[in-house]
Each structure stands twice: as C-alpha cells, then as structure tokens.
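So this block is work-v7.cif, mmCIF, C-alpha atoms and all ligand atoms:
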data_protein
loop_
_atom_site.label_atom_id
_atom_site.label_comp_id
_atom_site.auth_asym_id
_atom_site.auth_seq_id
_atom_site.Cartn_x
_atom_site.Cartn_y
_atom_site.Cartn_z
CA MET P 1 0.00 0.00 0.00
CA THR P 2 1.25 3.50 -0.81
CA GLU P 3 2.31 5.38 2.27
CA MET P 4 0.68 8.80 2.59
CA LEU P 5 2.86 11.39 4.23
CA VAL P 6 0.46 14.32 4.17
CA GLU P 7 -3.34 14.13 4.23
CA LEU P 8 -5.71 17.09 4.07
CA ASP P 9 -9.39 16.36 4.36
CA ASN P 10 -11.72 19.30 3.66
CA VAL P 11 -9.32 21.77 5.21
CA SER P 12 -10.12 25.49 5.37
CA MET P 13 -7.88 28.18 6.77
CA ALA P 14 -8.38 31.85 7.62
CA TYR P 15 -6.23 34.75 8.73
CA GLY P 16 -7.69 36.75 11.61
CA LYS P 17 -10.98 36.18 13.39
CA GLY P 18 -14.61 37.26 13.25
CA ASP P 19 -15.69 39.89 10.72
CA ALA P 20 -12.09 40.72 9.88
CA ALA P 21 -11.22 37.11 8.97
CA VAL P 22 -9.81 36.48 5.52
CA LEU P 23 -10.65 33.00 4.24
CA ALA P 24 -7.49 31.95 2.41
CA ILE P 25 -8.19 28.25 1.77
CA GLU P 26 -11.52 26.49 1.48
CA ASP P 27 -12.26 22.77 1.63
CA VAL P 28 -8.98 21.48 0.27
CA THR P 29 -8.65 17.71 0.13
CA LEU P 30 -5.38 16.25 -1.06
CA SER P 31 -2.75 13.70 -0.08
CA ILE P 32 0.97 13.54 -0.73
CA ARG P 33 2.72 10.18 -0.96
CA LYS P 34 6.09 9.61 0.65
CA GLY P 35 8.66 10.50 -2.00
CA GLU P 36 6.14 12.29 -4.23
CA PHE P 37 6.99 15.61 -5.86
CA ILE P 38 3.96 17.89 -5.97
CA ALA P 39 3.70 21.38 -7.38
CA VAL P 40 1.01 23.91 -6.50
CA VAL P 41 0.14 26.57 -9.05
CA GLY P 42 -2.57 29.21 -9.26
CA PRO P 43 -3.23 32.93 -9.55
CA SER P 44 -1.51 35.36 -7.23
CA GLY P 45 -3.05 35.42 -3.76
CA CYS P 46 -4.92 32.11 -4.19
CA GLY P 47 -3.42 30.60 -1.07
CA LYS P 48 -0.40 28.62 -2.30
CA SER P 49 1.91 29.85 0.47
CA SER P 50 -0.91 29.50 2.97
CA LEU P 51 -1.20 25.82 2.06
CA MET P 52 2.50 25.46 2.80
CA LYS P 53 2.10 27.20 6.16
CA LEU P 54 -0.74 24.82 7.00
CA ILE P 55 1.14 21.64 6.17
CA SER P 56 4.29 22.77 7.99
CA GLY P 57 2.24 23.56 11.10
CA LEU P 58 2.97 27.29 11.06
CA HIS P 59 -0.76 28.11 10.85
CA ALA P 60 -3.68 26.07 12.21
CA PRO P 61 -6.65 25.02 10.06
CA LEU P 62 -10.02 26.66 10.65
CA SER P 63 -11.79 23.36 9.95
CA GLY P 64 -11.14 19.95 8.45
CA LYS P 65 -8.50 17.35 9.19
CA LEU P 66 -4.77 17.65 8.56
CA ALA P 67 -2.30 14.87 9.31
CA VAL P 68 1.40 14.46 8.57
CA GLU P 69 2.96 11.02 9.06
CA GLY P 70 -0.43 9.87 10.33
CA LYS P 71 -0.52 12.39 13.20
CA PRO P 72 -2.61 15.55 13.50
CA VAL P 73 -0.50 18.69 13.08
CA ASN P 74 -0.57 20.82 16.24
CA GLY P 75 2.44 23.09 15.78
CA PRO P 76 5.55 23.68 13.66
CA LEU P 77 6.99 20.42 12.34
CA LYS P 78 10.70 19.77 12.45
CA SER P 79 10.36 17.16 9.71
CA VAL P 80 10.00 20.05 7.24
CA GLY P 81 12.77 21.95 5.44
CA MET P 82 11.91 25.23 3.74
CA ALA P 83 13.42 27.48 1.09
CA PHE P 84 12.01 30.69 -0.38
CA GLN P 85 12.43 33.08 -3.29
CA ALA P 86 15.09 35.02 -1.36
CA SER P 87 17.88 32.74 -0.16
CA ASN P 88 18.05 34.53 3.22
CA LEU P 89 21.60 33.36 3.81
CA LEU P 90 23.28 35.20 6.69
CA PRO P 91 25.93 37.46 5.13
CA TRP P 92 28.38 37.15 8.02
CA ARG P 93 28.48 33.34 7.83
CA THR P 94 30.31 31.29 5.24
CA CYS P 95 28.32 29.05 2.94
CA VAL P 96 29.00 25.93 5.02
CA ASP P 97 28.21 27.74 8.29
CA ASN P 98 24.90 28.90 6.81
CA ILE P 99 24.05 25.29 5.95
CA LEU P 100 24.86 24.24 9.54
CA LEU P 101 22.43 26.78 11.02
CA PRO P 102 19.36 24.45 11.29
CA LEU P 103 21.51 21.93 13.17
CA GLU P 104 22.21 24.63 15.78
CA ILE P 105 18.44 25.00 16.24
CA VAL P 106 16.73 21.64 15.61
CA GLN P 107 16.96 18.78 18.10
CA PRO P 108 18.50 16.19 18.40
CA TYR P 109 21.30 17.92 16.45
CA ARG P 110 21.41 21.01 18.67
CA SER P 111 22.63 19.15 21.77
CA LYS P 112 25.32 17.40 19.78
CA ILE P 113 26.58 20.27 17.62
CA SER P 114 29.66 21.07 19.71
CA SER P 115 30.86 17.46 19.91
CA ASN P 116 29.80 16.49 16.35
CA ARG P 117 30.70 19.71 14.54
CA ALA P 118 33.34 18.07 12.30
CA GLU P 119 30.90 15.33 11.24
CA TYR P 120 28.10 17.85 10.59
CA LYS P 121 30.46 20.09 8.63
CA LYS P 122 31.41 17.14 6.42
CA LYS P 123 27.71 16.45 5.83
CA ALA P 124 27.13 20.10 4.87
CA GLU P 125 30.14 20.04 2.53
CA ASP P 126 28.92 16.82 0.90
CA LEU P 127 25.51 18.43 0.30
CA LEU P 128 27.13 21.51 -1.21
CA HIS P 129 29.28 19.31 -3.45
CA SER P 130 26.17 17.44 -4.61
CA VAL P 131 24.65 20.68 -5.92
CA GLY P 132 27.84 21.75 -7.70
CA LEU P 133 29.23 24.09 -5.04
CA LYS P 134 32.54 22.33 -4.47
CA GLY P 135 35.13 25.01 -3.86
CA PHE P 136 32.56 27.50 -2.52
CA THR P 137 32.03 26.05 0.93
CA GLU P 138 34.14 28.71 2.69
CA LYS P 139 32.87 31.63 0.59
CA PHE P 140 30.44 34.18 1.97
CA PRO P 141 26.98 34.53 0.36
CA TRP P 142 27.92 37.82 -1.28
CA GLN P 143 30.72 35.99 -3.10
CA LEU P 144 28.17 33.67 -4.77
CA SER P 145 25.84 34.26 -7.73
CA GLY P 146 22.06 34.30 -7.16
CA GLY P 147 21.75 30.75 -8.48
CA MET P 148 24.54 29.53 -6.20
CA GLN P 149 22.84 31.20 -3.22
CA GLN P 150 19.61 29.35 -4.02
CA ARG P 151 21.49 26.05 -4.29
CA ALA P 152 22.97 26.75 -0.84
CA SER P 153 19.56 27.64 0.55
CA ILE P 154 18.15 24.30 -0.64
CA CYS P 155 21.10 22.54 1.05
CA ARG P 156 20.28 24.41 4.27
CA ALA P 157 16.69 23.19 4.03
CA LEU P 158 17.91 19.58 3.64
CA ILE P 159 20.69 19.38 6.23
CA HIS P 160 18.47 18.04 9.03
CA GLU P 161 17.13 15.34 6.68
CA PRO P 162 13.50 16.52 6.64
CA GLU P 163 10.71 14.28 5.39
CA ILE P 164 9.25 17.15 3.36
CA LEU P 165 11.08 19.83 1.43
CA MET P 166 8.85 22.88 0.97
CA LEU P 167 9.92 25.32 -1.71
CA ASP P 168 8.08 28.61 -2.14
CA GLU P 169 9.00 30.15 -5.53
CA PRO P 170 12.65 29.16 -4.98
CA PHE P 171 13.75 30.10 -8.50
CA GLY P 172 11.43 33.07 -9.03
CA ALA P 173 14.17 35.70 -8.92
CA LEU P 174 16.60 33.91 -11.25
CA ASP P 175 17.17 34.36 -14.98
CA ALA P 176 15.73 31.71 -17.31
CA PHE P 177 19.02 29.83 -17.90
CA THR P 178 19.97 29.68 -14.22
CA ARG P 179 16.44 28.66 -13.37
CA GLU P 180 16.57 25.68 -15.73
CA GLU P 181 19.97 24.66 -14.32
CA LEU P 182 18.43 24.66 -10.87
CA TRP P 183 15.46 22.60 -12.03
CA CYS P 184 17.99 19.92 -12.94
CA ALA P 185 19.83 20.29 -9.62
CA LEU P 186 16.55 19.90 -7.73
CA ARG P 187 15.50 16.96 -9.92
CA ASP P 188 18.78 15.20 -9.05
CA ILE P 189 18.59 15.95 -5.32
CA GLN P 190 15.07 14.59 -5.17
CA ALA P 191 16.01 11.46 -7.12
CA GLN P 192 19.04 10.79 -4.88
CA ARG P 193 17.36 11.46 -1.54
CA GLN P 194 13.79 10.40 -2.37
CA VAL P 195 12.59 13.34 -0.31
CA THR P 196 8.96 14.42 -0.60
CA VAL P 197 8.77 17.84 -2.22
CA MET P 198 6.06 20.50 -2.28
CA LEU P 199 6.89 23.25 -4.75
CA VAL P 200 4.90 26.46 -5.00
CA THR P 201 5.50 28.18 -8.30
CA HIS P 202 4.05 30.58 -10.86
CA ASP P 203 6.01 28.85 -13.59
CA LEU P 204 3.90 26.13 -15.21
CA ARG P 205 6.84 24.70 -17.18
CA GLU P 206 8.78 24.38 -13.93
CA ALA P 207 5.82 22.59 -12.30
CA VAL P 208 5.39 20.12 -15.17
CA PHE P 209 9.13 19.46 -15.57
CA LEU P 210 9.65 18.69 -11.89
CA ALA P 211 6.44 17.33 -10.43
CA ASP P 212 4.64 14.00 -10.36
CA THR P 213 1.40 15.81 -9.57
CA VAL P 214 0.40 19.43 -10.19
CA TYR P 215 -2.46 20.98 -8.21
CA VAL P 216 -4.16 24.06 -9.64
CA MET P 217 -5.80 26.38 -7.12
CA SER P 218 -8.62 28.84 -7.77
CA ASP P 219 -8.70 32.51 -6.82
CA ARG P 220 -9.08 33.22 -3.11
CA PRO P 221 -10.46 31.47 -1.18
CA GLY P 222 -8.16 28.86 -2.70
CA LYS P 223 -9.71 25.55 -3.66
CA VAL P 224 -8.11 22.76 -5.65
CA VAL P 225 -9.73 23.01 -9.08
CA LYS P 226 -7.55 20.49 -10.87
CA LYS P 227 -5.21 17.64 -10.03
CA CYS P 228 -2.93 16.81 -12.94
CA ASN P 229 -0.81 13.66 -12.93
CA VAL P 230 2.33 14.22 -14.99
CA ASN P 231 3.07 10.83 -16.47
CA ILE P 232 6.21 11.86 -18.34
CA PRO P 233 8.82 9.19 -17.51
CA ARG P 234 11.83 9.99 -15.33
CA PRO P 235 14.65 10.86 -15.48
CA ARG P 236 13.48 13.97 -17.38
CA ASP P 237 15.93 16.07 -19.33
CA LEU P 238 15.32 19.65 -20.46
CA GLU P 239 14.64 18.33 -23.99
CA VAL P 240 11.36 16.98 -22.65
CA THR P 241 10.09 20.57 -22.39
CA TYR P 242 10.05 20.78 -26.20
CA THR P 243 7.82 17.73 -26.65
CA GLN P 244 4.14 17.96 -27.59
CA GLU P 245 3.15 15.93 -24.53
CA PHE P 246 4.85 18.43 -22.21
CA GLN P 247 3.44 21.46 -23.98
CA ASP P 248 -0.07 20.02 -23.99
CA ILE P 249 0.03 19.63 -20.21
CA VAL P 250 1.33 23.19 -19.78
CA HIS P 251 -1.43 24.53 -22.04
CA GLU P 252 -4.08 22.62 -20.16
CA LEU P 253 -2.86 24.05 -16.84
CA ARG P 254 -2.64 27.54 -18.36
CA SER P 255 -6.26 27.32 -19.49
CA MET P 256 -7.34 26.41 -15.96
CA ILE P 257 -5.61 29.48 -14.53
CA GLY P 258 -6.01 31.94 -17.37
CA GLY P 259 -9.63 31.02 -18.18
CA LYS P 260 -11.11 33.23 -15.51
CA HIS P 261 -9.27 36.40 -16.53
N1 LIG Y 301 -1.04 37.36 7.40
C1 LIG Y 301 -2.11 37.55 6.63
N2 LIG Y 301 -3.19 38.23 7.08
C2 LIG Y 301 -4.30 38.41 6.32
N3 LIG Y 301 -4.42 37.94 5.06
C3 LIG Y 301 -3.38 37.26 4.57
C4 LIG Y 301 -2.17 37.03 5.30
N4 LIG Y 301 -1.33 36.31 4.54
C5 LIG Y 301 -1.96 36.12 3.36
N5 LIG Y 301 -3.19 36.69 3.38
C6 LIG Y 301 -4.21 36.65 2.30
O1 LIG Y 301 -4.51 35.29 2.04
C7 LIG Y 301 -4.55 35.04 0.64
C8 LIG Y 301 -3.62 33.94 0.28
O2 LIG Y 301 -2.27 34.38 0.46
P1 LIG Y 301 -1.03 33.50 0.01
O3 LIG Y 301 0.21 34.26 0.36
O4 LIG Y 301 -1.18 32.13 0.54
O5 LIG Y 301 -1.25 33.47 -1.58
P2 LIG Y 301 -0.26 32.99 -2.72
O6 LIG Y 301 -1.07 32.18 -3.66
O7 LIG Y 301 0.94 32.34 -2.13
O8 LIG Y 301 0.12 34.38 -3.37
P3 LIG Y 301 1.34 34.79 -4.35
O9 LIG Y 301 1.26 33.89 -5.52
O10 LIG Y 301 1.04 36.21 -4.70
O11 LIG Y 301 2.60 34.61 -3.55
C9 LIG Y 301 -4.21 36.36 -0.05
O12 LIG Y 301 -5.38 36.91 -0.58
C10 LIG Y 301 -3.61 37.23 1.03
O13 LIG Y 301 -4.02 38.56 0.87
#
Take the structure from the file and write it as structure tokens.
Amino acid sequence: MTEMLVELDNVSMAYGKGDAAVLAIEDVTLSIRKGEFIAVVGPSGCGKSSLMKLISGLHAPLSGKLAVEGKPVNGPLKSVGMAFQASNLLPWRTCVDNILLPLEIVQPYRSKISSNRAEYKKKAEDLLHSVGLKGFTEKFPWQLSGGMQQRASICRALIHEPEILMLDEPFGALDAFTREELWCALRDIQAQRQVTVMLVTHDLREAVFLADTVYVMSDRPGKVVKKCNVNIPRPRDLEVTYTQEFQDIVHELRSMIGGKH
C-alpha cells in the first residue's frame, strides 16, 4: 500500500478572526505520498503559500483534518525543510556555516553540535558538493551568484534530513538559464534522496518538468480546481520541455488558470 505522508481532508484556513477574517483556503482535500513531488500553481493570492504554512504547522486550520505522518499537526513540524524566493543566507556566515544553522536550532542535532561539529560540517560540505558548489564552501553569500545562493539555501533546508522539502517560488528571482539549471539540480537531489517535495510556483513549465502531480488552485479562497498527474517518464531532461506531450500539459494548466481572466 502507498504510504501517505500528508493528508488534508476538507481543510479550510483563515487569517484573523470574526468579521475581519480572511478566508485563504476552502475545503482542500489532497494527499501527498512519501517520496512524491507535488507542485502547487494558481493565480496570485490564491493561497499557495498559505497551504504550505498549514502543512508545515505554522498556521492552524479553521476546519477539516490535517495529518502528517499519520498524526494531526498541532504546531511547527521539524520534519520540514523550507526554502524561499530570497535565499536569506546570513551574510556574516560562510556558505558551510549557513548550511549548519538548522543543526544549531533543531533537536537532536542542537545538543550534539559542539561534539559532532566536524561530522556535521562534512555532511554540509557533501551536500554543497552534490549541488555543484565544491570550492565555494568557505565563501560568503555575497561571493556567490544568485543561483549559487539558491542552491545553498536548498542545502540548508535539507541538512536536518527533513521528510518534506517545501519550496516557495525558490527560482522566481533567477534568470531563465539559471532557473533551468536549478530545475535539474533539484531533480537530481530529489532522485538521490527520495525526499517528498512540495513546490509552490508561478512557472507552469517548472511545475510540469519537476512534479509528479500538479495541483491548480482557484482565486481566493483557494480551492483545488484540478489535479494533474504528470506521467512523463523519469529521469526527465530539459529536452522533454520541447515535446508535444509536455506542452499540452502546460497549455491545459494555463487554461485552468487563465480562463477566468
Ligand atoms: N497574514 C495575513 N493576514 C491576512 N491575510 C493574509 C495574510 N497572509 C496572506 N493573506 C491573504 O490570504 C490570501 C492567500 O495568500 P497567500 O500568500 O497564501 O497566496 P499565494 O497564492 O501564495 O500568493 P502569491 O502567488 O502572490 O505569492 C491572499 O489573498 C492574502 O491577501
């Protein structure tokens, strides 16, 4: 039987209370398999980031059931790693010391960081090497390009071996060529580590290239209006983006989002 990592059953979520409440998500039902790569797309303000906050336990549901690893979510989960559009690397720390940051915060690593620092540093360096940053481990963020900073930020999100990697527009600020390079880096990381990924993006090509399943959300309050299984075989190379099959899926998703405007 397929193991479900995340299960949302008719979940709604609001910001604020009473008359001032803003309903961000309404009656969302979806599940994410262990090792699945899902992408969430939809118009601006439809609740994509809110869905991420819900699943990571940063915001409680208004109604419905939400479980991760079979347990109800009652607060921030440490089995989640997150990366955003801005890399948010600390400028006074080297690349490797930025990657080590979560281990200084998350247990059980935090209690062992002083005695295990050398081992943890090696792990951080290995991660950086795996995303093509060999030779940059001791550089400061301002000595790296934007794409390199995003690679490092994904490493930081993975260092504590989370079950779920949550990525909110991680490549949104990058140029098209760098973005496609990072798609491949992320594809490889996910294939090697079999981590479950939830990617929020405005880029439909990015969603279709990377994901097993793409969810389209409606305007606020966000509902899932379409679940699209991307059955393009893996491993996927960038050439796949020029195929009719790929373009048909992108067009179908575009029509779901663009149709209302
Ligand atoms: N802290 C907040 N307080 C009140 N309303 C909020 C808050 N955060 C988000 N919202 C509202 O909830 C809705 C969903 O926001 P969310 O950031 O999840 O959308 P999004 O799909 O990620 O948007 P974008 O694509 O523009 O990043 C928006 O209409 C937004 O105005």
Any chance you could tabulate, as JSON lines, the residues of chain P at most 12 Å from ligand LIG 301 (chain Y) with each one's nearest atom pair and distance in Å to one decimal, using all atoms listed in the file, in chain and rising number order?
{"residue": "P:Ser12", "atom": "CA", "partner": "Y:LIG301", "partner_atom": "O1", "distance": 11.8}
{"residue": "P:Met13", "atom": "CA", "partner": "Y:LIG301", "partner_atom": "O1", "distance": 9.2}
{"residue": "P:Ala14", "atom": "CA", "partner": "Y:LIG301", "partner_atom": "O1", "distance": 7.6}
{"residue": "P:Tyr15", "atom": "CA", "partner": "Y:LIG301", "partner_atom": "C2", "distance": 4.8}
{"residue": "P:Gly16", "atom": "CA", "partner": "Y:LIG301", "partner_atom": "C2", "distance": 6.5}
{"residue": "P:Lys17", "atom": "CA", "partner": "Y:LIG301", "partner_atom": "C2", "distance": 10.0}
{"residue": "P:Ala20", "atom": "CA", "partner": "Y:LIG301", "partner_atom": "C2", "distance": 8.9}
{"residue": "P:Ala21", "atom": "CA", "partner": "Y:LIG301", "partner_atom": "C2", "distance": 7.5}
{"residue": "P:Val22", "atom": "CA", "partner": "Y:LIG301", "partner_atom": "N3", "distance": 5.6}
{"residue": "P:Leu23", "atom": "CA", "partner": "Y:LIG301", "partner_atom": "O1", "distance": 6.9}
{"residue": "P:Ala24", "atom": "CA", "partner": "Y:LIG301", "partner_atom": "O1", "distance": 4.5}
{"residue": "P:Ile25", "atom": "CA", "partner": "Y:LIG301", "partner_atom": "C8", "distance": 7.4}
{"residue": "P:Glu26", "atom": "CA", "partner": "Y:LIG301", "partner_atom": "C8", "distance": 10.9}
{"residue": "P:Val40", "atom": "CA", "partner": "Y:LIG301", "partner_atom": "O6", "distance": 9.0}
{"residue": "P:Val41", "atom": "CA", "partner": "Y:LIG301", "partner_atom": "O6", "distance": 7.9}
{"residue": "P:Gly42", "atom": "CA", "partner": "Y:LIG301", "partner_atom": "O6", "distance": 6.5}
{"residue": "P:Pro43", "atom": "CA", "partner": "Y:LIG301", "partner_atom": "O9", "distance": 6.1}
{"residue": "P:Ser44", "atom": "CA", "partner": "Y:LIG301", "partner_atom": "O9", "distance": 3.6}
{"residue": "P:Gly45", "atom": "CA", "partner": "Y:LIG301", "partner_atom": "O8", "distance": 3.4}
{"residue": "P:Cys46", "atom": "CA", "partner": "Y:LIG301", "partner_atom": "O6", "distance": 3.9}
{"residue": "P:Gly47", "atom": "CA", "partner": "Y:LIG301", "partner_atom": "O4", "distance": 3.2}
{"residue": "P:Lys48", "atom": "CA", "partner": "Y:LIG301", "partner_atom": "O6", "distance": 3.9}
{"residue": "P:Ser49", "atom": "CA", "partner": "Y:LIG301", "partner_atom": "O7", "distance": 3.7}
{"residue": "P:Ser50", "atom": "CA", "partner": "Y:LIG301", "partner_atom": "O4", "distance": 3.6}
{"residue": "P:Leu51", "atom": "CA", "partner": "Y:LIG301", "partner_atom": "O4", "distance": 6.5}
{"residue": "P:Met52", "atom": "CA", "partner": "Y:LIG301", "partner_atom": "O4", "distance": 7.9}
{"residue": "P:Lys53", "atom": "CA", "partner": "Y:LIG301", "partner_atom": "O4", "distance": 8.2}
{"residue": "P:Leu54", "atom": "CA", "partner": "Y:LIG301", "partner_atom": "O4", "distance": 9.8}
{"residue": "P:Leu58", "atom": "CA", "partner": "Y:LIG301", "partner_atom": "N1", "distance": 11.4}
{"residue": "P:His59", "atom": "CA", "partner": "Y:LIG301", "partner_atom": "N1", "distance": 9.9}
{"residue": "P:Phe84", "atom": "CA", "partner": "Y:LIG301", "partner_atom": "O11", "distance": 10.7}
{"residue": "P:Gln85", "atom": "CA", "partner": "Y:LIG301", "partner_atom": "O11", "distance": 10.0}
{"residue": "P:Leu167", "atom": "CA", "partner": "Y:LIG301", "partner_atom": "O7", "distance": 11.4}
{"residue": "P:Asp168", "atom": "CA", "partner": "Y:LIG301", "partner_atom": "O7", "distance": 8.1}
{"residue": "P:Glu169", "atom": "CA", "partner": "Y:LIG301", "partner_atom": "O11", "distance": 8.0}
{"residue": "P:Pro170", "atom": "CA", "partner": "Y:LIG301", "partner_atom": "O11", "distance": 11.5}
{"residue": "P:Gly172", "atom": "CA", "partner": "Y:LIG301", "partner_atom": "O11", "distance": 10.5}
{"residue": "P:Leu199", "atom": "CA", "partner": "Y:LIG301", "partner_atom": "O7", "distance": 11.2}
{"residue": "P:Val200", "atom": "CA", "partner": "Y:LIG301", "partner_atom": "O7", "distance": 7.6}
{"residue": "P:Thr201", "atom": "CA", "partner": "Y:LIG301", "partner_atom": "O9", "distance": 7.6}
{"residue": "P:His202", "atom": "CA", "partner": "Y:LIG301", "partner_atom": "O9", "distance": 6.9}
{"residue": "P:Asp203", "atom": "CA", "partner": "Y:LIG301", "partner_atom": "O9", "distance": 10.6}
{"residue": "P:Val216", "atom": "CA", "partner": "Y:LIG301", "partner_atom": "O6", "distance": 10.5}
{"residue": "P:Met217", "atom": "CA", "partner": "Y:LIG301", "partner_atom": "O6", "distance": 8.2}
{"residue": "P:Ser218", "atom": "CA", "partner": "Y:LIG301", "partner_atom": "O6", "distance": 9.2}
{"residue": "P:Asp219", "atom": "CA", "partner": "Y:LIG301", "partner_atom": "O6", "distance": 8.3}
{"residue": "P:Arg220", "atom": "CA", "partner": "Y:LIG301", "partner_atom": "O12", "distance": 5.8}
{"residue": "P:Pro221", "atom": "CA", "partner": "Y:LIG301", "partner_atom": "C7", "distance": 7.1}
{"residue": "P:Gly222", "atom": "CA", "partner": "Y:LIG301", "partner_atom": "C8", "distance": 7.4}
{"residue": "P:Lys223", "atom": "CA", "partner": "Y:LIG301", "partner_atom": "O6", "distance": 10.9}
{"residue": "P:Val224", "atom": "CA", "partner": "Y:LIG301", "partner_atom": "O6", "distance": 11.9}
Store the residues picked out above in a file with C-alpha atoms, as a PDB file, in the frame of the given file.
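This went into selection-v4.pdb:
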ATOM      1  CA  SER P  12     -10.120  25.490   5.370  1.00  0.00           C
ATOM      2  CA  MET P  13      -7.880  28.180   6.770  1.00  0.00           C
ATOM      3  CA  ALA P  14      -8.380  31.850   7.620  1.00  0.00           C
ATOM      4  CA  TYR P  15      -6.230  34.750   8.730  1.00  0.00           C
ATOM      5  CA  GLY P  16      -7.690  36.750  11.610  1.00  0.00           C
ATOM      6  CA  LYS P  17     -10.980  36.180  13.390  1.00  0.00           C
ATOM      7  CA  ALA P  20     -12.090  40.720   9.880  1.00  0.00           C
ATOM      8  CA  ALA P  21     -11.220  37.110   8.970  1.00  0.00           C
ATOM      9  CA  VAL P  22      -9.810  36.480   5.520  1.00  0.00           C
ATOM     10  CA  LEU P  23     -10.650  33.000   4.240  1.00  0.00           C
ATOM     11  CA  ALA P  24      -7.490  31.950   2.410  1.00  0.00           C
ATOM     12  CA  ILE P  25      -8.190  28.250   1.770  1.00  0.00           C
ATOM     13  CA  GLU P  26     -11.520  26.490   1.480  1.00  0.00           C
ATOM     14  CA  VAL P  40       1.010  23.910  -6.500  1.00  0.00           C
ATOM     15  CA  VAL P  41       0.140  26.570  -9.050  1.00  0.00           C
ATOM     16  CA  GLY P  42      -2.570  29.210  -9.260  1.00  0.00           C
ATOM     17  CA  PRO P  43      -3.230  32.930  -9.550  1.00  0.00           C
ATOM     18  CA  SER P  44      -1.510  35.360  -7.230  1.00  0.00           C
ATOM     19  CA  GLY P  45      -3.050  35.420  -3.760  1.00  0.00           C
ATOM     20  CA  CYS P  46      -4.920  32.110  -4.190  1.00  0.00           C
ATOM     21  CA  GLY P  47      -3.420  30.600  -1.070  1.00  0.00           C
ATOM     22  CA  LYS P  48      -0.400  28.620  -2.300  1.00  0.00           C
ATOM     23  CA  SER P  49       1.910  29.850   0.470  1.00  0.00           C
ATOM     24  CA  SER P  50      -0.910  29.500   2.970  1.00  0.00           C
ATOM     25  CA  LEU P  51      -1.200  25.820   2.060  1.00  0.00           C
ATOM     26  CA  MET P  52       2.500  25.460   2.800  1.00  0.00           C
ATOM     27  CA  LYS P  53       2.100  27.200   6.160  1.00  0.00           C
ATOM     28  CA  LEU P  54      -0.740  24.820   7.000  1.00  0.00           C
ATOM     29  CA  LEU P  58       2.970  27.290  11.060  1.00  0.00           C
ATOM     30  CA  HIS P  59      -0.760  28.110  10.850  1.00  0.00           C
ATOM     31  CA  PHE P  84      12.010  30.690  -0.380  1.00  0.00           C
ATOM     32  CA  GLN P  85      12.430  33.080  -3.290  1.00  0.00           C
ATOM     33  CA  LEU P 167       9.920  25.320  -1.710  1.00  0.00           C
ATOM     34  CA  ASP P 168       8.080  28.610  -2.140  1.00  0.00           C
ATOM     35  CA  GLU P 169       9.000  30.150  -5.530  1.00  0.00           C
ATOM     36  CA  PRO P 170      12.650  29.160  -4.980  1.00  0.00           C
ATOM     37  CA  GLY P 172      11.430  33.070  -9.030  1.00  0.00           C
ATOM     38  CA  LEU P 199       6.890  23.250  -4.750  1.00  0.00           C
ATOM     39  CA  VAL P 200       4.900  26.460  -5.000  1.00  0.00           C
ATOM     40  CA  THR P 201       5.500  28.180  -8.300  1.00  0.00           C
ATOM     41  CA  HIS P 202       4.050  30.580 -10.860  1.00  0.00           C
ATOM     42  CA  ASP P 203       6.010  28.850 -13.590  1.00  0.00           C
ATOM     43  CA  VAL P 216      -4.160  24.060  -9.640  1.00  0.00           C
ATOM     44  CA  MET P 217      -5.800  26.380  -7.120  1.00  0.00           C
ATOM     45  CA  SER P 218      -8.620  28.840  -7.770  1.00  0.00           C
ATOM     46  CA  ASP P 219      -8.700  32.510  -6.820  1.00  0.00           C
ATOM     47  CA  ARG P 220      -9.080  33.220  -3.110  1.00  0.00           C
ATOM     48  CA  PRO P 221     -10.460  31.470  -1.180  1.00  0.00           C
ATOM     49  CA  GLY P 222      -8.160  28.860  -2.700  1.00  0.00           C
ATOM     50  CA  LYS P 223      -9.710  25.550  -3.660  1.00  0.00           C
ATOM     51  CA  VAL P 224      -8.110  22.760  -5.650  1.00  0.00           C
TER      52      VAL P 224
END
Padding of 4 Å on every side, edges along x, y and z, all listed atoms of stretch 113-122 of chain P included: what centre and edge lengths in Å, to one decimal, does that box have, as lines of an AutoDock Vina configuration file?
center_x = 30.0
center_y = 18.2
center_z = 13.2
size_x = 14.8
size_y = 13.7
size_z = 21.5
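Nearest to P:Pro91 of all the residues P:Pro233, P:Pro141, P:Gly75, P:Pro108 is P:Pro141, counting all atoms listed in the file.
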Given only C-alpha atoms as the counted atoms, nearest of P:Leu5, P:Leu62, P:Ile55, P:Asn88 to P:Asp27: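 Between P:Leu5, P:Leu62, P:Ile55, P:Asn88, the residue approaching P:Asp27 most closely is P:Leu62.
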Quick one: contact table of stretch 102-219 of chain P to stretch 92-95 of chain P, 10 Å max, nearest atom pair and distance in Å to one decimal per residue, counting all atoms listed in the file, chain and number order, as a tab-separated table?
residue	atom	partner	partner_atom	distance
P:Ala124	CA	P:Cys95	CA	9.2
P:Glu125	CA	P:Cys95	CA	9.2
P:Leu128	CA	P:Cys95	CA	8.7
P:Leu133	CA	P:Cys95	CA	9.4
P:Phe136	CA	P:Cys95	CA	7.1
P:Thr137	CA	P:Cys95	CA	5.2
P:Glu138	CA	P:Thr94	CA	5.3
P:Lys139	CA	P:Thr94	CA	5.3
P:Phe140	CA	P:Thr94	CA	4.4
P:Pro141	CA	P:Cys95	CA	6.2
P:Trp142	CA	P:Trp92	CA	9.3
P:Gln143	CA	P:Cys95	CA	9.5
P:Leu144	CA	P:Cys95	CA	9.0
P:Met148	CA	P:Cys95	CA	9.9
P:Gln149	CA	P:Cys95	CA	8.5
P:Ala152	CA	P:Cys95	CA	6.9
P:Ser153	CA	P:Cys95	CA	9.2
P:Cys155	CA	P:Cys95	CA	9.9
P:Arg156	CA	P:Cys95	CA	9.4
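Nearest residue to P:Ser79 among P:Leu165, P:Leu186, P:Val230, P:Ala39 is P:Leu165, counting only C-alpha atoms.
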Given all atoms listed in the file as the counted atoms, nearest of P:Arg234, P:Ser56, P:Leu100, P:Glu7 to P:Glu119: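 Among the listed residues, the smallest separation from P:Glu119 belongs to P:Leu100.
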Within-12 Å shell of (12.3, 17.3, -0.6) in input frame, only C-alpha atoms, as a PyMOL selection string: chain P and resi 32-39+79-83+154-167+186-199+210-211
Distance query P:Arg236 at most 8 Å, all atoms listed in the file, self and fewer than 4 positions along chain excluded, as a list in words: Phe209, Ile232 and Val240 of chain P
P:Ala86, P:Val214, P:Cys184, P:Leu77 ranked by distance to P:Val106, top pick (using only C-alpha atoms): P:Leu77
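A straight line drawn from atom CA of P:Gln244 to atom CA of P:Phe171 is 24.6 Å long.
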Pick from P:Lys227, P:His129, P:Leu89, P:Thr241, whichever lies nearest to P:Trp183 using all atoms listed in the file: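 Smallest distance to P:Trp183 is found for P:Thr241.
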Spatial neighbours of P:Ser114, 12 Å, all atoms listed in the file, chain gap at least 5 places, as a VMD selection string: chain P and resid 100 103 to 104 109 119 to 121
Point-to-point distance in Å for atom CA of P:Lys65 and atom CA of P:Thr213: 21.3 Å
Point-to-point distance in Å for atom CA of P:Ser31 and atom CA of P:Pro61: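 Straight-line distance from atom CA of P:Pro61 to atom CA of P:Ser31 works out to 15.7 Å.
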Residue list as a list in words for point (3.8, 21.5, -16.2), cut-off 7 Å, only C-alpha atoms: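 The answer, in the requested form, is Leu204, Arg205, Glu206, Ala207, Val208, Phe209, Phe246, Ile249 and Val250 of chain P.
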